[in-house]
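Data from model.cif: mmCIF, C-alpha atoms
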data_coords
loop_
_atom_site.label_atom_id
_atom_site.label_comp_id
_atom_site.auth_asym_id
_atom_site.auth_seq_id
_atom_site.Cartn_x
_atom_site.Cartn_y
_atom_site.Cartn_z
CA MET G 1 41.21 -13.93 3.81
CA ALA G 2 41.04 -10.60 1.97
CA THR G 3 40.19 -10.60 -1.71
CA ARG G 4 43.12 -9.66 -3.88
CA THR G 5 42.38 -7.55 -6.95
CA VAL G 6 44.94 -6.98 -9.71
CA LEU G 7 44.75 -4.40 -12.50
CA VAL G 8 46.00 -5.63 -15.89
CA GLU G 9 46.83 -3.21 -18.72
CA ALA G 10 47.40 -5.10 -21.98
CA ASP G 11 48.20 -4.24 -25.58
CA GLY G 12 49.56 -5.77 -28.76
CA GLY G 13 50.33 -4.80 -32.31
CA SER G 14 52.09 -5.60 -35.54
CA ARG G 15 54.16 -3.73 -38.14
CA GLY G 16 52.19 -4.39 -41.30
CA ASN G 17 49.05 -6.09 -39.94
CA PRO G 18 50.07 -8.86 -40.42
CA GLY G 19 53.77 -8.33 -39.83
CA PRO G 20 56.38 -8.45 -37.03
CA ALA G 21 54.20 -8.57 -33.93
CA GLY G 22 54.43 -8.49 -30.17
CA TYR G 23 52.46 -7.82 -27.02
CA GLY G 24 52.85 -6.19 -23.63
CA ALA G 25 51.04 -6.51 -20.31
CA VAL G 26 51.49 -4.60 -17.05
CA LEU G 27 50.07 -5.77 -13.72
CA ARG G 28 49.43 -3.14 -11.06
CA ASP G 29 48.09 -2.82 -7.55
CA PRO G 30 44.80 -0.94 -8.20
CA ALA G 31 45.05 0.99 -4.93
CA THR G 32 48.63 2.28 -5.27
CA GLY G 33 49.42 1.90 -8.97
CA GLU G 34 52.56 -0.07 -8.07
CA VAL G 35 53.81 -2.28 -10.91
CA LEU G 36 53.61 -5.89 -9.75
CA ALA G 37 54.78 -7.60 -12.95
CA GLU G 38 55.41 -7.07 -16.66
CA ARG G 39 55.03 -9.44 -19.57
CA SER G 40 56.06 -8.92 -23.19
CA GLU G 41 57.05 -11.13 -26.10
CA ALA G 42 57.78 -10.99 -29.83
CA ILE G 43 55.45 -13.47 -31.54
CA GLY G 44 56.67 -13.47 -35.13
CA ALA G 45 54.32 -12.47 -37.94
CA ALA G 46 50.74 -11.86 -36.82
CA THR G 47 47.88 -9.35 -37.01
CA ASN G 48 47.15 -6.58 -34.53
CA ASN G 49 44.14 -8.49 -33.18
CA VAL G 50 46.10 -11.70 -32.60
CA ALA G 51 48.79 -9.74 -30.76
CA GLU G 52 46.18 -7.97 -28.62
CA TYR G 53 44.61 -11.28 -27.62
CA ARG G 54 48.07 -12.65 -26.78
CA GLY G 55 48.63 -9.64 -24.53
CA LEU G 56 45.33 -10.31 -22.76
CA ILE G 57 46.19 -13.99 -22.27
CA ALA G 58 49.63 -13.16 -20.91
CA GLY G 59 48.13 -10.64 -18.47
CA LEU G 60 45.52 -13.08 -17.20
CA ALA G 61 48.12 -15.84 -16.77
CA ALA G 62 50.38 -13.50 -14.83
CA ALA G 63 47.48 -12.44 -12.59
CA ALA G 64 46.83 -16.10 -11.81
CA GLU G 65 50.50 -16.56 -10.92
CA LEU G 66 50.21 -13.65 -8.48
CA GLY G 67 47.27 -15.36 -6.77
CA ALA G 68 44.67 -12.74 -7.74
CA ASP G 69 41.00 -13.39 -6.94
CA GLU G 70 39.58 -10.55 -9.03
CA VAL G 71 41.05 -8.93 -12.13
CA GLU G 72 40.30 -5.68 -13.89
CA ILE G 73 41.41 -5.68 -17.54
CA ARG G 74 42.04 -2.40 -19.33
CA MET G 75 42.76 -2.41 -23.06
CA ASP G 76 42.58 0.09 -25.91
CA SER G 77 41.41 -2.67 -28.27
CA LYS G 78 37.68 -2.14 -28.66
CA LEU G 79 37.39 -5.39 -30.61
CA VAL G 80 38.93 -7.58 -27.90
CA VAL G 81 36.93 -5.95 -25.09
CA GLU G 82 33.61 -6.20 -26.95
CA GLN G 83 34.24 -9.80 -28.05
CA MET G 84 35.26 -10.93 -24.55
CA CYS G 85 32.12 -9.26 -23.18
CA GLY G 86 29.97 -11.17 -25.69
CA ARG G 87 28.58 -8.09 -27.44
CA TRP G 88 30.44 -8.66 -30.74
CA GLN G 89 30.64 -11.94 -32.57
CA ILE G 90 34.05 -13.55 -33.19
CA LYS G 91 33.77 -14.07 -36.92
CA HIS G 92 37.44 -14.64 -37.81
CA PRO G 93 38.43 -18.27 -37.13
CA GLY G 94 41.98 -17.30 -36.19
CA LEU G 95 40.75 -15.40 -33.13
CA ARG G 96 38.36 -18.02 -31.78
CA PRO G 97 41.02 -20.29 -30.19
CA LEU G 98 42.63 -17.25 -28.57
CA ALA G 99 39.29 -16.04 -27.19
CA ALA G 100 38.61 -19.55 -25.87
CA GLU G 101 42.01 -19.65 -24.15
CA ALA G 102 41.33 -16.25 -22.58
CA ALA G 103 37.88 -17.42 -21.44
CA GLN G 104 39.41 -20.45 -19.74
CA LEU G 105 41.74 -18.17 -17.82
CA VAL G 106 38.85 -15.87 -16.90
CA GLY G 107 37.14 -18.85 -15.29
CA ARG G 108 40.00 -19.19 -12.79
CA PHE G 109 39.03 -15.95 -11.03
CA THR G 110 36.09 -14.95 -8.85
CA ALA G 111 35.42 -11.95 -11.09
CA VAL G 112 36.97 -10.38 -14.17
CA ARG G 113 35.97 -6.92 -15.38
CA PHE G 114 36.83 -5.51 -18.80
CA ALA G 115 37.16 -1.81 -19.61
CA TRP G 116 38.04 -0.07 -22.85
CA ILE G 117 40.43 2.87 -22.41
CA PRO G 118 41.95 5.32 -24.93
CA ARG G 119 45.45 4.52 -26.20
CA ASP G 120 46.93 7.50 -24.36
CA ARG G 121 45.91 5.85 -21.07
CA ASN G 122 47.61 2.58 -21.98
CA THR G 123 51.12 3.90 -22.63
CA HIS G 124 53.06 1.43 -20.45
CA ALA G 125 51.62 -1.69 -22.11
CA ASP G 126 51.89 0.03 -25.51
CA ALA G 127 55.61 0.68 -24.94
CA LEU G 128 56.20 -2.97 -24.01
CA ALA G 129 54.32 -4.10 -27.12
CA ASN G 130 56.33 -1.77 -29.35
CA ALA G 131 59.60 -3.05 -27.89
CA ALA G 132 58.44 -6.59 -28.65
CA MET G 133 57.52 -5.59 -32.21
CA ASP G 134 61.00 -4.07 -32.62
CA ALA G 135 62.48 -7.36 -31.45
CA ALA G 136 60.34 -9.29 -33.93
CA ALA G 137 61.41 -7.02 -36.78
CA ALA G 138 65.08 -7.26 -35.75
CA SER G 139 64.90 -11.03 -35.84
CA GLY G 140 64.14 -10.90 -39.55
CA VAL G 141 60.40 -11.63 -39.48
CA ALA G 142 59.06 -10.78 -42.91
CA THR G 143 55.85 -8.90 -43.51
CA PRO G 144 53.47 -11.19 -45.44
CA THR G 145 52.19 -9.86 -48.74
CA VAL G 146 48.67 -11.19 -48.26
CA GLU G 147 45.95 -8.73 -47.40
CA PRO G 148 44.94 -8.97 -43.73
CA PRO G 149 41.42 -10.13 -42.94
CA ARG G 150 38.78 -7.48 -42.31
CA LEU G 151 37.84 -7.74 -38.66
CA VAL G 152 35.57 -4.75 -38.23
CA GLU G 153 32.37 -5.89 -36.55
CA PRO G 154 29.27 -3.87 -35.66
CA PRO G 155 28.45 -3.81 -31.95
CA ARG G 156 25.57 -5.86 -30.60
CA ARG G 157 24.48 -3.62 -27.73
CA LEU G 158 22.75 -4.96 -24.66
CA GLY G 159 20.38 -2.00 -24.77
CA GLY G 160 19.72 1.06 -22.65
CA PRO G 161 20.72 4.63 -23.47
CA GLU G 162 23.37 5.10 -26.11
CA PRO G 163 26.84 5.48 -24.55
CA ALA G 164 28.64 8.79 -24.53
CA GLY G 165 32.02 8.88 -26.25
CA GLY G 166 34.95 7.71 -24.17
CA GLY G 167 32.95 5.93 -21.50
CA ALA G 168 34.50 2.73 -20.15
CA ALA G 169 32.35 -0.33 -20.81
CA GLU G 170 33.14 -2.38 -17.75
CA VAL G 171 31.84 -5.93 -17.89
CA ALA G 172 32.01 -8.70 -15.32
CA ALA G 173 32.91 -12.17 -16.52
CA ARG G 174 29.86 -14.28 -17.30
CA THR G 175 28.72 -16.52 -14.47
CA GLU G 176 25.63 -18.62 -13.91
CA SER G 177 22.67 -16.46 -12.93
CA PRO G 178 22.49 -16.71 -9.12
CA GLY G 179 18.73 -17.11 -9.05
CA ALA G 180 18.32 -19.54 -11.92
CA ASP G 181 18.94 -22.90 -10.20
CA LEU G 182 17.47 -24.64 -13.28
CA THR G 183 20.24 -27.09 -14.04
CA SER G 184 18.12 -30.01 -12.83
CA ALA G 185 14.88 -28.88 -14.48
CA PRO G 186 13.46 -31.67 -16.67
CA VAL G 187 13.46 -31.14 -20.43
CA SER G 188 10.31 -32.47 -22.07
CA TRP G 189 7.51 -31.64 -24.53
CA GLU G 190 5.13 -33.77 -22.49
CA PRO G 191 2.08 -31.78 -21.25
CA ARG G 192 2.02 -31.24 -17.50
CA PRO G 193 -1.04 -30.99 -15.25
CA SER G 194 -1.36 -27.32 -14.35
CA PHE G 195 -3.04 -28.08 -11.03
CA THR G 196 0.23 -29.48 -9.63
CA ALA G 197 2.18 -26.32 -10.43
CA THR G 198 2.54 -23.21 -8.32
CA ARG G 199 1.39 -20.38 -10.58
CA LEU G 200 3.10 -17.01 -10.06
CA ILE G 201 1.21 -14.05 -11.51
CA LEU G 202 3.77 -11.26 -11.71
CA VAL G 203 2.30 -7.75 -11.78
CA ARG G 204 4.19 -4.51 -12.20
CA HIS G 205 2.69 -1.63 -10.21
CA GLY G 206 0.71 1.11 -11.94
CA GLU G 207 2.25 4.26 -13.37
CA THR G 208 3.72 7.06 -11.23
CA GLU G 209 4.91 10.55 -12.15
CA TYR G 210 8.45 9.18 -12.33
CA THR G 211 7.33 6.53 -14.83
CA GLU G 212 5.97 9.19 -17.18
CA GLN G 213 9.03 11.42 -16.76
CA GLY G 214 11.54 8.61 -17.38
CA ARG G 215 13.21 8.91 -13.98
CA TYR G 216 15.03 6.22 -12.04
CA SER G 217 12.53 5.07 -9.43
CA GLY G 218 13.99 2.65 -6.93
CA ARG G 219 13.59 2.86 -3.17
CA GLY G 220 11.81 6.25 -3.23
CA ASP G 221 8.17 5.80 -2.19
CA ILE G 222 6.54 7.51 -5.18
CA PRO G 223 2.72 7.11 -5.19
CA LEU G 224 0.56 6.12 -8.12
CA SER G 225 -0.49 8.89 -10.50
CA SER G 226 -4.11 9.36 -11.53
CA LYS G 227 -3.37 7.33 -14.66
CA GLY G 228 -1.69 4.69 -12.51
CA ARG G 229 -4.79 4.36 -10.34
CA ALA G 230 -6.92 3.82 -13.45
CA GLN G 231 -4.45 1.18 -14.65
CA VAL G 232 -4.64 -0.57 -11.30
CA ARG G 233 -8.43 -0.87 -11.48
CA ALA G 234 -8.18 -2.50 -14.92
CA THR G 235 -5.35 -4.75 -13.81
CA ALA G 236 -7.25 -5.89 -10.71
CA ALA G 237 -10.13 -7.07 -12.87
CA ARG G 238 -7.75 -8.89 -15.22
CA VAL G 239 -5.87 -10.68 -12.45
CA ALA G 240 -9.10 -11.66 -10.70
CA ALA G 241 -10.22 -13.30 -13.95
CA LEU G 242 -6.86 -15.06 -14.31
CA ALA G 243 -6.70 -16.35 -10.74
CA PRO G 244 -10.09 -16.23 -9.02
CA ASP G 245 -8.89 -18.80 -6.48
CA ALA G 246 -5.51 -17.21 -5.77
CA ALA G 247 -4.16 -18.20 -2.36
CA ALA G 248 -2.20 -15.03 -1.65
CA VAL G 249 -1.21 -11.57 -2.82
CA VAL G 250 2.39 -10.68 -1.99
CA SER G 251 3.75 -7.18 -2.53
CA SER G 252 6.80 -4.97 -2.37
CA PRO G 253 6.49 -2.66 0.66
CA LEU G 254 6.45 0.54 -1.44
CA SER G 255 3.07 2.27 -1.73
CA ARG G 256 2.85 2.11 -5.53
CA CYS G 257 2.93 -1.67 -5.18
CA THR G 258 0.80 -2.04 -2.07
CA ALA G 259 -1.94 0.10 -3.63
CA THR G 260 -1.84 -2.12 -6.72
CA ALA G 261 -1.85 -5.26 -4.58
CA GLU G 262 -4.74 -4.11 -2.40
CA ALA G 263 -6.92 -3.44 -5.46
CA ILE G 264 -6.14 -6.93 -6.79
CA ALA G 265 -6.79 -8.59 -3.41
CA THR G 266 -10.16 -6.85 -3.14
CA ALA G 267 -11.13 -7.87 -6.68
CA ILE G 268 -10.28 -11.52 -5.96
CA GLY G 269 -12.21 -11.61 -2.71
CA ASP G 270 -10.79 -9.59 0.17
CA LEU G 271 -7.52 -11.49 0.40
CA PRO G 272 -4.96 -10.03 2.80
CA VAL G 273 -1.87 -8.44 1.25
CA ARG G 274 1.40 -9.79 2.58
CA ARG G 275 4.41 -7.49 2.24
CA ASP G 276 7.82 -8.93 1.42
CA ASP G 277 10.74 -6.51 1.70
CA GLU G 278 12.79 -8.56 -0.75
CA LEU G 279 10.39 -7.66 -3.58
CA ILE G 280 11.44 -4.00 -3.39
CA GLU G 281 12.91 -2.32 -6.46
CA CYS G 282 16.66 -2.13 -7.11
CA ASP G 283 18.40 0.60 -5.13
CA PHE G 284 19.58 3.09 -7.76
CA GLY G 285 21.65 5.03 -5.24
CA ALA G 286 22.85 8.40 -6.53
CA TRP G 287 20.67 8.06 -9.62
CA GLU G 288 17.37 7.92 -7.74
CA GLY G 289 14.88 10.46 -9.11
CA ARG G 290 17.11 11.50 -12.01
CA THR G 291 16.28 11.20 -15.69
CA PHE G 292 18.23 8.87 -17.93
CA ALA G 293 19.74 11.92 -19.68
CA GLU G 294 20.90 13.37 -16.35
CA VAL G 295 22.56 10.10 -15.40
CA ARG G 296 24.25 9.85 -18.81
CA GLU G 297 25.60 13.37 -18.41
CA GLY G 298 26.87 12.94 -14.88
CA TRP G 299 27.93 9.27 -14.74
CA ALA G 300 28.69 8.17 -18.33
CA GLY G 301 31.33 5.60 -17.42
CA GLU G 302 29.42 4.22 -14.46
CA LEU G 303 26.26 3.95 -16.57
CA ASP G 304 28.09 2.03 -19.32
CA ALA G 305 29.49 -0.34 -16.72
CA TRP G 306 26.09 -0.86 -15.10
CA LEU G 307 24.36 -1.50 -18.42
CA ALA G 308 27.01 -4.05 -19.35
CA SER G 309 27.16 -6.12 -16.16
CA THR G 310 24.66 -7.34 -13.57
CA ARG G 311 27.49 -7.33 -11.03
CA VAL G 312 27.97 -3.57 -11.23
CA ALA G 313 25.91 -1.32 -8.94
CA PRO G 314 25.04 2.35 -9.44
CA PRO G 315 27.01 4.65 -7.13
CA ASP G 316 25.83 3.92 -3.56
CA GLY G 317 23.26 1.50 -5.01
CA GLU G 318 22.58 -2.18 -5.57
CA SER G 319 23.61 -4.52 -8.40
CA PHE G 320 21.10 -6.55 -10.38
CA GLU G 321 22.94 -9.66 -9.19
CA ALA G 322 22.01 -8.76 -5.61
CA VAL G 323 18.40 -8.15 -6.66
CA ALA G 324 18.35 -11.54 -8.41
CA GLU G 325 19.56 -13.31 -5.27
CA ARG G 326 16.81 -11.88 -3.08
CA CYS G 327 14.14 -12.51 -5.74
CA ALA G 328 15.24 -16.14 -5.95
CA ARG G 329 14.72 -16.40 -2.18
CA VAL G 330 11.20 -14.99 -2.58
CA VAL G 331 10.35 -17.56 -5.27
CA ARG G 332 11.64 -20.43 -3.14
CA ARG G 333 9.55 -19.25 -0.16
CA LEU G 334 6.41 -19.02 -2.31
CA LEU G 335 6.95 -22.49 -3.79
CA ASP G 336 7.29 -23.92 -0.28
CA ALA G 337 4.30 -22.03 1.13
CA TYR G 338 1.82 -22.43 -1.74
CA PRO G 339 2.42 -25.73 -3.58
CA GLY G 340 -0.04 -26.23 -6.42
CA GLN G 341 -1.72 -22.85 -5.84
CA ALA G 342 -1.77 -19.45 -7.53
CA VAL G 343 0.03 -16.49 -5.97
CA VAL G 344 -0.08 -12.87 -7.15
CA VAL G 345 3.29 -11.12 -6.84
CA VAL G 346 3.24 -7.31 -7.16
CA SER G 347 6.65 -5.76 -7.66
CA HIS G 348 8.79 -3.54 -9.89
CA VAL G 349 10.55 -3.71 -13.25
CA SER G 350 13.88 -5.10 -12.06
CA PRO G 351 12.63 -7.93 -9.80
CA ILE G 352 10.05 -9.07 -12.37
CA LYS G 353 12.55 -9.03 -15.23
CA LEU G 354 15.02 -11.04 -13.17
CA MET G 355 12.41 -13.63 -12.18
CA LEU G 356 11.42 -14.02 -15.84
CA ARG G 357 15.07 -14.20 -16.92
CA ASP G 358 15.71 -17.05 -14.53
CA ALA G 359 12.48 -18.86 -15.44
CA LEU G 360 13.45 -18.74 -19.11
CA GLY G 361 17.09 -19.66 -18.46
CA ALA G 362 18.02 -16.55 -20.46
CA THR G 363 21.24 -14.55 -20.48
CA ASP G 364 21.60 -11.09 -18.99
CA ALA G 365 20.93 -9.57 -22.44
CA PHE G 366 17.28 -10.48 -21.79
CA LEU G 367 17.09 -7.72 -19.16
CA HIS G 368 17.73 -5.01 -21.76
CA ARG G 369 15.59 -6.55 -24.50
CA LEU G 370 12.41 -7.05 -22.49
CA TYR G 371 10.07 -4.11 -21.98
CA LEU G 372 7.63 -4.22 -19.07
CA ASP G 373 4.74 -1.77 -19.07
CA ALA G 374 3.32 -0.26 -15.92
CA ALA G 375 0.49 -2.54 -14.74
CA GLY G 376 1.60 -5.30 -17.13
CA VAL G 377 0.98 -8.93 -16.15
CA SER G 378 3.20 -12.00 -16.66
CA VAL G 379 2.41 -15.59 -15.69
CA LEU G 380 4.73 -18.52 -14.99
CA ASP G 381 4.25 -22.01 -13.56
CA ARG G 382 6.75 -23.87 -11.37
CA TRP G 383 6.43 -27.62 -10.70
CA PRO G 384 7.81 -29.50 -7.67
CA ASP G 385 10.35 -31.37 -9.84
CA GLY G 386 11.87 -28.10 -11.08
CA GLY G 387 9.88 -27.82 -14.30
CA VAL G 388 9.08 -24.30 -15.48
CA ALA G 389 6.60 -22.91 -18.02
CA VAL G 390 6.33 -19.22 -18.83
CA ARG G 391 2.69 -18.71 -19.87
CA SER G 392 2.72 -15.03 -20.77
CA VAL G 393 4.94 -11.97 -20.57
CA ASN G 394 3.80 -8.35 -20.18
CA GLU G 395 0.09 -8.75 -20.92
CA THR G 396 -1.42 -5.28 -21.45
CA ALA G 397 -4.67 -5.84 -23.35
CA HIS G 398 -6.63 -4.87 -20.21
CA LEU G 399 -5.09 -1.39 -20.47
CA ALA G 400 -6.11 -0.74 -24.09
CA ALA G 401 -9.18 1.34 -23.23
CA LEU G 402 -7.32 3.73 -20.92
#

Would you mind writing the file's structure down as structure tokens?
Amino acid sequence: MATRTVLVEADGGSRGNPGPAGYGAVLRDPATGEVLAERSEAIGAATNNVAEYRGLIAGLAAAAELGADEVEIRMDSKLVVEQMCGRWQIKHPGLRPLAAEAAQLVGRFTAVRFAWIPRDRNTHADALANAAMDAAAASGVATPTVEPPRLVEPPRRLGGPEPAGGGAAEVAARTESPGADLTSAPVSWEPRPSFTATRLILVRHGETEYTEQGRYSGRGDIPLSSKGRAQVRATAARVAALAPDAAAVVSSPLSRCTATAEAIATAIGDLPVRRDDELIECDFGAWEGRTFAEVREGWAGELDAWLASTRVAPPDGESFEAVAERCARVVRRLLDAYPGQAVVVVSHVSPIKLMLRDALGATDAFLHRLYLDAAGVSVLDRWPDGGVAVRSVNETAHLAAL
């Protein structure tokens, strides 16, 4: 059965803030723009923010009635979009029940994406909301004399380049990380015997010219630079000291990783290097080889959406959610193949960050707050019963002399 996607444009407002209030929501076919349904209602005396949340709730409920699987929400309320995406706190107690109700509705769909749009692109929902406010005022709703609460909140960005003005921040509804699978992991302070764990030593490849230039480096086979080769020699000595009895060295197929892996395997004792295609870097599609500034200039909206959601892929590229799924398969294979042994895994920024995110049970914000240096080393242990211990993250002391 085909997935049905519905576009919801929602708005709300009040005359007086608080004052006579109402909301409007328009549901469209995203392919044709056809109006599928409209919702609007006068809600008595309320604030702008309350009315905007009520518009969102009405739009989500109507989308559920239409049998939608996926929903794209467009609103000109920055506060509602940022709060529903989890980047701004919901400090005012009057909004928390409304946000919770909206979140419950979000959970009924396979995916929900939020986008902020300027008011002049939300005219249909705005007109419905204004008609509802007129109806509220005509019914004799009085404007309260109390001062409305201050609801201005600073953004809590997930990280990455600063957004250009007017870019849509598209965010997928929060779901469980696909690679985590840690719901049954035991919770305990009791020390565990390390010899029963499979130790994964995660190594980012050495530096390339793209690393130094700040370019997106995904599937392109960019070789190590002279500095990268020096880093690899230092990293090989460090990893050999960490895991002199390592059972295997597994690498992404790209040459910057295989060269790093081969140096490590030689330092440990002439281990063979096994290539695993699923350890390859994220496919950055149209952004491959471009600087961050070039991507911001050419794809501002797409970049905002990608930074905000692991479900969003670069144009013609791959989402972090897809990378996480294949990295989780790699981890499962290594746990099955090397129980109680140490394995060196040589890969790229995105796969290593995602493996660490899942080991820590962290949210997606972790991906933008963690920095991984070229040739940095991280260590985690996984036990047969699901227990996890992250021993270190981004060790770089071995690079200090370079």

Checklist outcome for this item: One residue among G:Val344, G:Ala337, G:Ala263, G:Leu200 is nearest to G:Thr235 when using all atoms listed in the file, and that residue is G:Ala263

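Selection by the PyMOL selection byres ((chain G and resi 104-109) around 9) on the present file picks out G:Ile57, G:Leu60, G:Ala61, G:Ala64, G:Ala68, G:Asp69, G:Glu70, G:Val71, G:Ala99, G:Ala100, G:Glu101, G:Ala102, G:Ala103, G:Thr110, G:Ala111, G:Val112, G:Ala173, G:Arg174, G:Thr175.
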
Limited to C-alpha atoms, could you put the picked residues into a file as a CSV table (one decimal), in the coordinates of the input?
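Produced file result.csv, reproduced below:
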chain,number,residue,atom,x,y,z
G,57,ILE,CA,46.2,-14.0,-22.3
G,60,LEU,CA,45.5,-13.1,-17.2
G,61,ALA,CA,48.1,-15.8,-16.8
G,64,ALA,CA,46.8,-16.1,-11.8
G,68,ALA,CA,44.7,-12.7,-7.7
G,69,ASP,CA,41.0,-13.4,-6.9
G,70,GLU,CA,39.6,-10.6,-9.0
G,71,VAL,CA,41.0,-8.9,-12.1
G,99,ALA,CA,39.3,-16.0,-27.2
G,100,ALA,CA,38.6,-19.6,-25.9
G,101,GLU,CA,42.0,-19.6,-24.2
G,102,ALA,CA,41.3,-16.2,-22.6
G,103,ALA,CA,37.9,-17.4,-21.4
G,110,THR,CA,36.1,-15.0,-8.8
G,111,ALA,CA,35.4,-12.0,-11.1
G,112,VAL,CA,37.0,-10.4,-14.2
G,173,ALA,CA,32.9,-12.2,-16.5
G,174,ARG,CA,29.9,-14.3,-17.3
G,175,THR,CA,28.7,-16.5,-14.5

Checklist entry - Can you list what the PyMOL selection byres ((chain G and resi 234) around 12) grabs from this structure, as a PyMOL selection string? => result chain G and resi 205-206+227-233+235-241+260+263-264+267+374-377+395-402

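The shortest atom-to-atom distance to G:Asp283, with only C-alpha atoms taken into account, belongs to G:Ala322 out of G:Ala322, G:Ile268, G:Ala115, G:Ile90.
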
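Between G:Glu325 and the candidates G:Leu279, G:Leu271, G:Ala135, G:Leu303, the tightest atom-to-atom separation, counting only C-alpha atoms, involves G:Leu279.
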
Next on the checklist: For the provided coordinates, the residues matched by the PyMOL selection byres ((chain G and resi 43) around 7) should be stated as JSON, numbers by chain.
Outcome noted: {"G": [21, 22, 41, 42, 44, 45, 136]}

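If you look at atom CA of G:Thr211 and atom CA of G:Ser378, they are 19.1 Å away from each other.
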